[in-house]
Amino acid sequence: MVQYAISRLDASFAALSDGTRRGVLEQLGRADASITDLAQTFHMTLTGMRKHVGVLERAELVTTEKVGRVRTCRLGPRRFDDEAAWIEEYRQLWDSRFDELDKVVDELNWKEHVDGRSN
Amino acid sequence: MDAAIRSEPTNMAGTTTVDRPTDRELVITRIVNGPARIVFAAWTKPELLERWWAPKSFPIKLLSCEMDVRVGGRYRLVFGYEGSTMDFFGRYVEVTPNSRLVWTNDEGGEEATVTTVTFEETGGKTLVVVHDLYPSKEALDDAIESGSTTGMPEALGQLDELVVTLGESAA
């Protein structure tokens, strides 16, 4: 389960490590666009742009839909950055909570140990 | 390395994981260094729970804690944050001593998120798994979009800011 979350994060960071792909996300944040539009905007071949969009798609940052002969790209339904940040924040809450729980359990363990010896 | 330190059972304990295995579920895990009956007690006795449920490092205080830990019994936790209070409440659905607790989180309205906690003891340590099942994908998405991990609006989002502010005012 943790592996799954980490591999999703990796995919996301890998997708965002490229300037063109970040540009594509920025562009799609303004309006949906076809692969052809994006290829023109970024002065690339269709094949090159298809590859970039494929990486973004696998990271769930972009979705595409083919209508007729045109493949339209839009931002993915998963607001990945928000979700990853939220999950990390939630993890920190539980981590702190469990750290405090550890202290309570340590104390109870100790009491039991001492009581056990004195009985 | 000192033999006494090496013998400390710290290998697996102390790591907290959180994952969203499906659209409706969140799973939190942690290994606690103690037997299940002690860990279970810390989850079911209000005087113990109130010592750890609201960590000191968070700007939220647990003001009161009532728990009737038996099937059908109710609980109510009242938190304070910046002068306002918020109640978290629900009902215990399953209570299996030292191994399993299930409760509803009714503060969210008609469709409750259900929390299942299991306690699994191995070699004197206890694996605690907290499983939240939301009524729908939308309910969990909404919780994430609201930015609050506790139900307290923006409380945790502002944590860093608050810590800095508190640090400055203490200095």
# chains A, B, ... in the order shown; residues from 1 in each chain; ligands from 1
call {"tool": "interface_residues", "arguments": {"of": "chain A", "to": "chain B", "cutoff": "7 Å", "atoms": "only C-alpha atoms", "output": "list of chain:residue names"}}
result
A:Met1, A:Val2, A:Ala5, A:Glu83, A:Trp86, A:Ile87, A:Tyr90, A:Arg91, A:Asp95, A:Ser96, A:Arg97, A:Glu100, A:Leu101, A:Asp102, A:Val105, A:Leu108, A:Asn109
call {"tool": "select_by_dssp", "arguments": {"residues": "chain A", "states": "strand (DSSP E or B)", "output": "PyMOL selection string"}}
result
chain A and resi 33-34+62-67+70-75
call {"tool": "atom_distance", "arguments": {"atom1": "CA of Ala85 (chain A)", "atom2": "CA of Ile60 (chain B)"}}
result
19.8 Å
call {"tool": "residues_around", "arguments": {"residues": "region 57-69 of chain A", "least_positions_apart": "5", "cutoff": "6 Å", "atoms": "only C-alpha atoms", "output": "PyMOL selection string"}}
result
chain A and resi 11-12+74-76
call {"tool": "write_last_selection", "arguments": {"atoms": "N, CA and C atoms", "output": "JSON list (two decimals), in the first residue's frame"}}
result
[["chain", "number", "residue", "atom", "x", "y", "z"],
["A", 11, "ALA", "N", 5.78, 8.88, -10.00],
["A", 11, "ALA", "CA", 5.25, 9.15, -11.34],
["A", 11, "ALA", "C", 4.94, 10.63, -11.47],
["A", 12, "SER", "N", 4.41, 11.20, -10.39],
["A", 12, "SER", "CA", 4.03, 12.60, -10.42],
["A", 12, "SER", "C", 5.26, 13.50, -10.53],
["A", 74, "ARG", "N", -7.11, 17.45, -21.13],
["A", 74, "ARG", "CA", -7.49, 18.36, -20.05],
["A", 74, "ARG", "C", -6.81, 17.93, -18.77],
["A", 75, "LEU", "N", -6.83, 18.81, -17.76],
["A", 75, "LEU", "CA", -6.20, 18.46, -16.48],
["A", 75, "LEU", "C", -6.93, 17.27, -15.87],
["A", 76, "GLY", "N", -6.18, 16.38, -15.23],
["A", 76, "GLY", "CA", -6.75, 15.18, -14.65],
["A", 76, "GLY", "C", -7.70, 15.48, -13.51]]
call {"tool": "atom_distance", "arguments": {"atom1": "CA of Lys125 (chain B)", "atom2": "CA of Thr44 (chain B)"}}
result
18.0 Å
call {"tool": "residues_around", "arguments": {"residues": "region 27-33 of chain A", "least_positions_apart": "2", "cutoff": "9 Å", "atoms": "only C-alpha atoms", "output": "VMD selection string"}}
result
chain A and resid 22 to 25 35 to 38 62 71 to 75
call {"tool": "atom_distance", "arguments": {"atom1": "CA of Lys45 (chain B)", "atom2": "CA of Met67 (chain B)"}}
result
7.6 Å
call {"tool": "select_by_dssp", "arguments": {"residues": "region 40-94 of chain A", "states": "helix (DSSP H, G or I)", "output": "MDAnalysis selection string"}}
result
chainID A and resid 40:41 46:58 80:94
call {"tool": "residues_around", "arguments": {"residues": "Glu25 (chain B)", "least_positions_apart": "4", "cutoff": "8 Å", "atoms": "only C-alpha atoms", "output": "ChimeraX atom specification"}}
result
/B:20-21,131-134,140
call {"tool": "decode", "arguments": {"residues": "region 24-168 of chain B", "atoms": "C-alpha atoms", "output": "PDB file, in the first residue's frame"}}
result
ATOM      1  CA  ARG B  24     -13.456   5.545  -0.359  1.00  0.00           C
ATOM      2  CA  GLU B  25     -10.823   4.333   2.073  1.00  0.00           C
ATOM      3  CA  LEU B  26      -7.953   5.657   4.127  1.00  0.00           C
ATOM      4  CA  VAL B  27      -5.683   3.289   6.019  1.00  0.00           C
ATOM      5  CA  ILE B  28      -3.270   4.323   8.759  1.00  0.00           C
ATOM      6  CA  THR B  29      -0.793   1.849  10.267  1.00  0.00           C
ATOM      7  CA  ARG B  30       1.690   1.941  13.112  1.00  0.00           C
ATOM      8  CA  ILE B  31       3.446  -0.589  15.312  1.00  0.00           C
ATOM      9  CA  VAL B  32       3.207   0.303  18.986  1.00  0.00           C
ATOM     10  CA  ASN B  33       5.714  -1.039  21.463  1.00  0.00           C
ATOM     11  CA  GLY B  34       3.377  -2.784  23.899  1.00  0.00           C
ATOM     12  CA  PRO B  35       0.925  -5.654  24.175  1.00  0.00           C
ATOM     13  CA  ALA B  36      -2.515  -5.344  22.565  1.00  0.00           C
ATOM     14  CA  ARG B  37      -4.390  -5.231  25.867  1.00  0.00           C
ATOM     15  CA  ILE B  38      -2.437  -2.124  26.936  1.00  0.00           C
ATOM     16  CA  VAL B  39      -2.789  -0.414  23.554  1.00  0.00           C
ATOM     17  CA  PHE B  40      -6.495  -1.273  23.494  1.00  0.00           C
ATOM     18  CA  ALA B  41      -6.886   0.245  26.966  1.00  0.00           C
ATOM     19  CA  ALA B  42      -5.287   3.461  25.711  1.00  0.00           C
ATOM     20  CA  TRP B  43      -7.939   3.604  22.955  1.00  0.00           C
ATOM     21  CA  THR B  44     -10.920   2.817  25.142  1.00  0.00           C
ATOM     22  CA  LYS B  45     -10.372   4.541  28.494  1.00  0.00           C
ATOM     23  CA  PRO B  46     -11.188   8.241  28.198  1.00  0.00           C
ATOM     24  CA  GLU B  47      -8.630   9.267  30.824  1.00  0.00           C
ATOM     25  CA  LEU B  48      -5.942   7.606  28.677  1.00  0.00           C
ATOM     26  CA  LEU B  49      -7.257   8.600  25.240  1.00  0.00           C
ATOM     27  CA  GLU B  50      -7.387  12.262  26.183  1.00  0.00           C
ATOM     28  CA  ARG B  51      -3.659  12.167  26.906  1.00  0.00           C
ATOM     29  CA  TRP B  52      -2.729  11.394  23.298  1.00  0.00           C
ATOM     30  CA  TRP B  53      -5.603  11.948  20.841  1.00  0.00           C
ATOM     31  CA  ALA B  54      -4.881  15.666  20.405  1.00  0.00           C
ATOM     32  CA  PRO B  55      -1.084  15.808  20.090  1.00  0.00           C
ATOM     33  CA  LYS B  56       0.560  18.645  21.997  1.00  0.00           C
ATOM     34  CA  SER B  57       2.234  19.836  18.818  1.00  0.00           C
ATOM     35  CA  PHE B  58      -1.134  20.608  17.197  1.00  0.00           C
ATOM     36  CA  PRO B  59      -3.125  23.769  17.822  1.00  0.00           C
ATOM     37  CA  ILE B  60      -6.199  21.782  18.800  1.00  0.00           C
ATOM     38  CA  LYS B  61      -7.107  20.931  22.367  1.00  0.00           C
ATOM     39  CA  LEU B  62      -9.307  18.090  23.489  1.00  0.00           C
ATOM     40  CA  LEU B  63     -11.658  19.761  25.962  1.00  0.00           C
ATOM     41  CA  SER B  64     -13.755  16.769  26.948  1.00  0.00           C
ATOM     42  CA  CYS B  65     -14.064  13.128  26.135  1.00  0.00           C
ATOM     43  CA  GLU B  66     -17.003  10.849  26.932  1.00  0.00           C
ATOM     44  CA  MET B  67     -16.904   7.264  25.753  1.00  0.00           C
ATOM     45  CA  ASP B  68     -19.319   4.442  26.465  1.00  0.00           C
ATOM     46  CA  VAL B  69     -17.251   1.698  24.884  1.00  0.00           C
ATOM     47  CA  ARG B  70     -19.732  -1.123  24.232  1.00  0.00           C
ATOM     48  CA  VAL B  71     -21.783  -2.076  21.195  1.00  0.00           C
ATOM     49  CA  GLY B  72     -24.345   0.686  20.666  1.00  0.00           C
ATOM     50  CA  GLY B  73     -22.611   2.963  23.182  1.00  0.00           C
ATOM     51  CA  ARG B  74     -21.989   6.569  22.255  1.00  0.00           C
ATOM     52  CA  TYR B  75     -18.920   8.757  22.353  1.00  0.00           C
ATOM     53  CA  ARG B  76     -18.422  12.485  22.132  1.00  0.00           C
ATOM     54  CA  LEU B  77     -15.141  14.350  21.869  1.00  0.00           C
ATOM     55  CA  VAL B  78     -15.150  18.131  22.155  1.00  0.00           C
ATOM     56  CA  PHE B  79     -12.207  20.002  20.656  1.00  0.00           C
ATOM     57  CA  GLY B  80     -11.242  23.611  21.049  1.00  0.00           C
ATOM     58  CA  TYR B  81      -9.498  25.631  18.418  1.00  0.00           C
ATOM     59  CA  GLU B  82      -8.930  29.375  18.559  1.00  0.00           C
ATOM     60  CA  GLY B  83     -11.813  30.011  20.917  1.00  0.00           C
ATOM     61  CA  SER B  84     -14.376  27.901  19.068  1.00  0.00           C
ATOM     62  CA  THR B  85     -15.362  24.326  19.780  1.00  0.00           C
ATOM     63  CA  MET B  86     -16.288  21.414  17.593  1.00  0.00           C
ATOM     64  CA  ASP B  87     -17.913  18.122  18.570  1.00  0.00           C
ATOM     65  CA  PHE B  88     -17.039  14.750  17.118  1.00  0.00           C
ATOM     66  CA  PHE B  89     -19.490  12.030  18.007  1.00  0.00           C
ATOM     67  CA  GLY B  90     -20.890   8.677  17.038  1.00  0.00           C
ATOM     68  CA  ARG B  91     -21.623   5.181  18.183  1.00  0.00           C
ATOM     69  CA  TYR B  92     -19.594   2.042  18.739  1.00  0.00           C
ATOM     70  CA  VAL B  93     -20.665  -0.684  16.322  1.00  0.00           C
ATOM     71  CA  GLU B  94     -18.230  -3.412  17.357  1.00  0.00           C
ATOM     72  CA  VAL B  95     -16.131  -3.801  20.480  1.00  0.00           C
ATOM     73  CA  THR B  96     -13.899  -6.870  20.666  1.00  0.00           C
ATOM     74  CA  PRO B  97     -11.563  -6.477  23.646  1.00  0.00           C
ATOM     75  CA  ASN B  98      -7.868  -6.183  22.742  1.00  0.00           C
ATOM     76  CA  SER B  99      -8.466  -6.785  19.041  1.00  0.00           C
ATOM     77  CA  ARG B 100     -11.083  -4.690  17.250  1.00  0.00           C
ATOM     78  CA  LEU B 101     -13.081  -1.465  17.552  1.00  0.00           C
ATOM     79  CA  VAL B 102     -15.585  -0.100  15.038  1.00  0.00           C
ATOM     80  CA  TRP B 103     -17.340   3.236  15.389  1.00  0.00           C
ATOM     81  CA  THR B 104     -19.344   5.651  13.288  1.00  0.00           C
ATOM     82  CA  ASN B 105     -18.449   9.304  12.786  1.00  0.00           C
ATOM     83  CA  ASP B 106     -21.868  10.925  12.859  1.00  0.00           C
ATOM     84  CA  GLU B 107     -20.879  14.604  12.875  1.00  0.00           C
ATOM     85  CA  GLY B 108     -20.753  14.567   9.074  1.00  0.00           C
ATOM     86  CA  GLY B 109     -24.514  14.088   8.640  1.00  0.00           C
ATOM     87  CA  GLU B 110     -26.730  11.257   7.493  1.00  0.00           C
ATOM     88  CA  GLU B 111     -24.081   9.109   5.796  1.00  0.00           C
ATOM     89  CA  ALA B 112     -21.393   8.321   8.332  1.00  0.00           C
ATOM     90  CA  THR B 113     -17.764   7.509   7.790  1.00  0.00           C
ATOM     91  CA  VAL B 114     -17.031   4.247   9.615  1.00  0.00           C
ATOM     92  CA  THR B 115     -13.732   3.786  11.433  1.00  0.00           C
ATOM     93  CA  THR B 116     -12.386   0.301  12.124  1.00  0.00           C
ATOM     94  CA  VAL B 117      -9.338  -0.122  14.333  1.00  0.00           C
ATOM     95  CA  THR B 118      -7.618  -3.491  14.655  1.00  0.00           C
ATOM     96  CA  PHE B 119      -4.942  -4.435  17.178  1.00  0.00           C
ATOM     97  CA  GLU B 120      -2.684  -7.318  16.242  1.00  0.00           C
ATOM     98  CA  GLU B 121      -0.051  -8.395  18.745  1.00  0.00           C
ATOM     99  CA  THR B 122       3.212 -10.053  17.733  1.00  0.00           C
ATOM    100  CA  GLY B 123       6.116 -10.548  20.103  1.00  0.00           C
ATOM    101  CA  GLY B 124       4.912  -7.993  22.632  1.00  0.00           C
ATOM    102  CA  LYS B 125       4.287  -5.303  19.991  1.00  0.00           C
ATOM    103  CA  THR B 126       0.984  -4.336  18.470  1.00  0.00           C
ATOM    104  CA  LEU B 127       0.228  -3.473  14.878  1.00  0.00           C
ATOM    105  CA  VAL B 128      -2.530  -0.872  14.918  1.00  0.00           C
ATOM    106  CA  VAL B 129      -4.488  -0.421  11.672  1.00  0.00           C
ATOM    107  CA  VAL B 130      -6.985   2.435  11.481  1.00  0.00           C
ATOM    108  CA  HIS B 131      -9.322   2.086   8.542  1.00  0.00           C
ATOM    109  CA  ASP B 132     -11.711   4.891   7.554  1.00  0.00           C
ATOM    110  CA  LEU B 133     -14.461   3.946   5.117  1.00  0.00           C
ATOM    111  CA  TYR B 134     -16.130   7.032   3.657  1.00  0.00           C
ATOM    112  CA  PRO B 135     -19.725   6.797   2.370  1.00  0.00           C
ATOM    113  CA  SER B 136     -18.616   7.724  -1.147  1.00  0.00           C
ATOM    114  CA  LYS B 137     -15.641   8.756  -3.224  1.00  0.00           C
ATOM    115  CA  GLU B 138     -17.099  12.287  -3.220  1.00  0.00           C
ATOM    116  CA  ALA B 139     -17.141  12.382   0.589  1.00  0.00           C
ATOM    117  CA  LEU B 140     -13.435  11.594   0.797  1.00  0.00           C
ATOM    118  CA  ASP B 141     -12.604  13.934  -2.094  1.00  0.00           C
ATOM    119  CA  ASP B 142     -14.525  16.690  -0.291  1.00  0.00           C
ATOM    120  CA  ALA B 143     -12.610  16.045   2.917  1.00  0.00           C
ATOM    121  CA  ILE B 144      -9.357  16.347   1.002  1.00  0.00           C
ATOM    122  CA  GLU B 145     -10.471  19.425  -0.921  1.00  0.00           C
ATOM    123  CA  SER B 146     -11.553  21.180   2.273  1.00  0.00           C
ATOM    124  CA  GLY B 147      -7.899  20.973   3.262  1.00  0.00           C
ATOM    125  CA  SER B 148      -8.731  19.863   6.766  1.00  0.00           C
ATOM    126  CA  THR B 149      -7.406  16.603   8.103  1.00  0.00           C
ATOM    127  CA  THR B 150      -9.280  16.890  11.375  1.00  0.00           C
ATOM    128  CA  GLY B 151     -12.590  18.470  10.486  1.00  0.00           C
ATOM    129  CA  MET B 152     -11.225  21.733  11.860  1.00  0.00           C
ATOM    130  CA  PRO B 153     -11.292  24.197   8.989  1.00  0.00           C
ATOM    131  CA  GLU B 154      -7.757  25.050   7.949  1.00  0.00           C
ATOM    132  CA  ALA B 155      -6.450  24.183  11.391  1.00  0.00           C
ATOM    133  CA  LEU B 156      -3.662  21.988  10.165  1.00  0.00           C
ATOM    134  CA  GLY B 157      -3.046  23.975   7.048  1.00  0.00           C
ATOM    135  CA  GLN B 158      -2.157  26.866   9.290  1.00  0.00           C
ATOM    136  CA  LEU B 159      -0.004  24.756  11.550  1.00  0.00           C
ATOM    137  CA  ASP B 160       3.347  25.869  10.207  1.00  0.00           C
ATOM    138  CA  GLU B 161       2.242  29.460  10.349  1.00  0.00           C
ATOM    139  CA  LEU B 162       1.046  29.054  13.922  1.00  0.00           C
ATOM    140  CA  VAL B 163       4.209  27.339  15.035  1.00  0.00           C
ATOM    141  CA  VAL B 164       6.233  30.208  13.608  1.00  0.00           C
ATOM    142  CA  THR B 165       3.947  32.753  15.277  1.00  0.00           C
ATOM    143  CA  LEU B 166       4.118  30.978  18.609  1.00  0.00           C
ATOM    144  CA  GLY B 167       7.881  30.679  18.282  1.00  0.00           C
ATOM    145  CA  GLU B 168       8.144  34.403  17.646  1.00  0.00           C
TER     146      GLU B 168
END
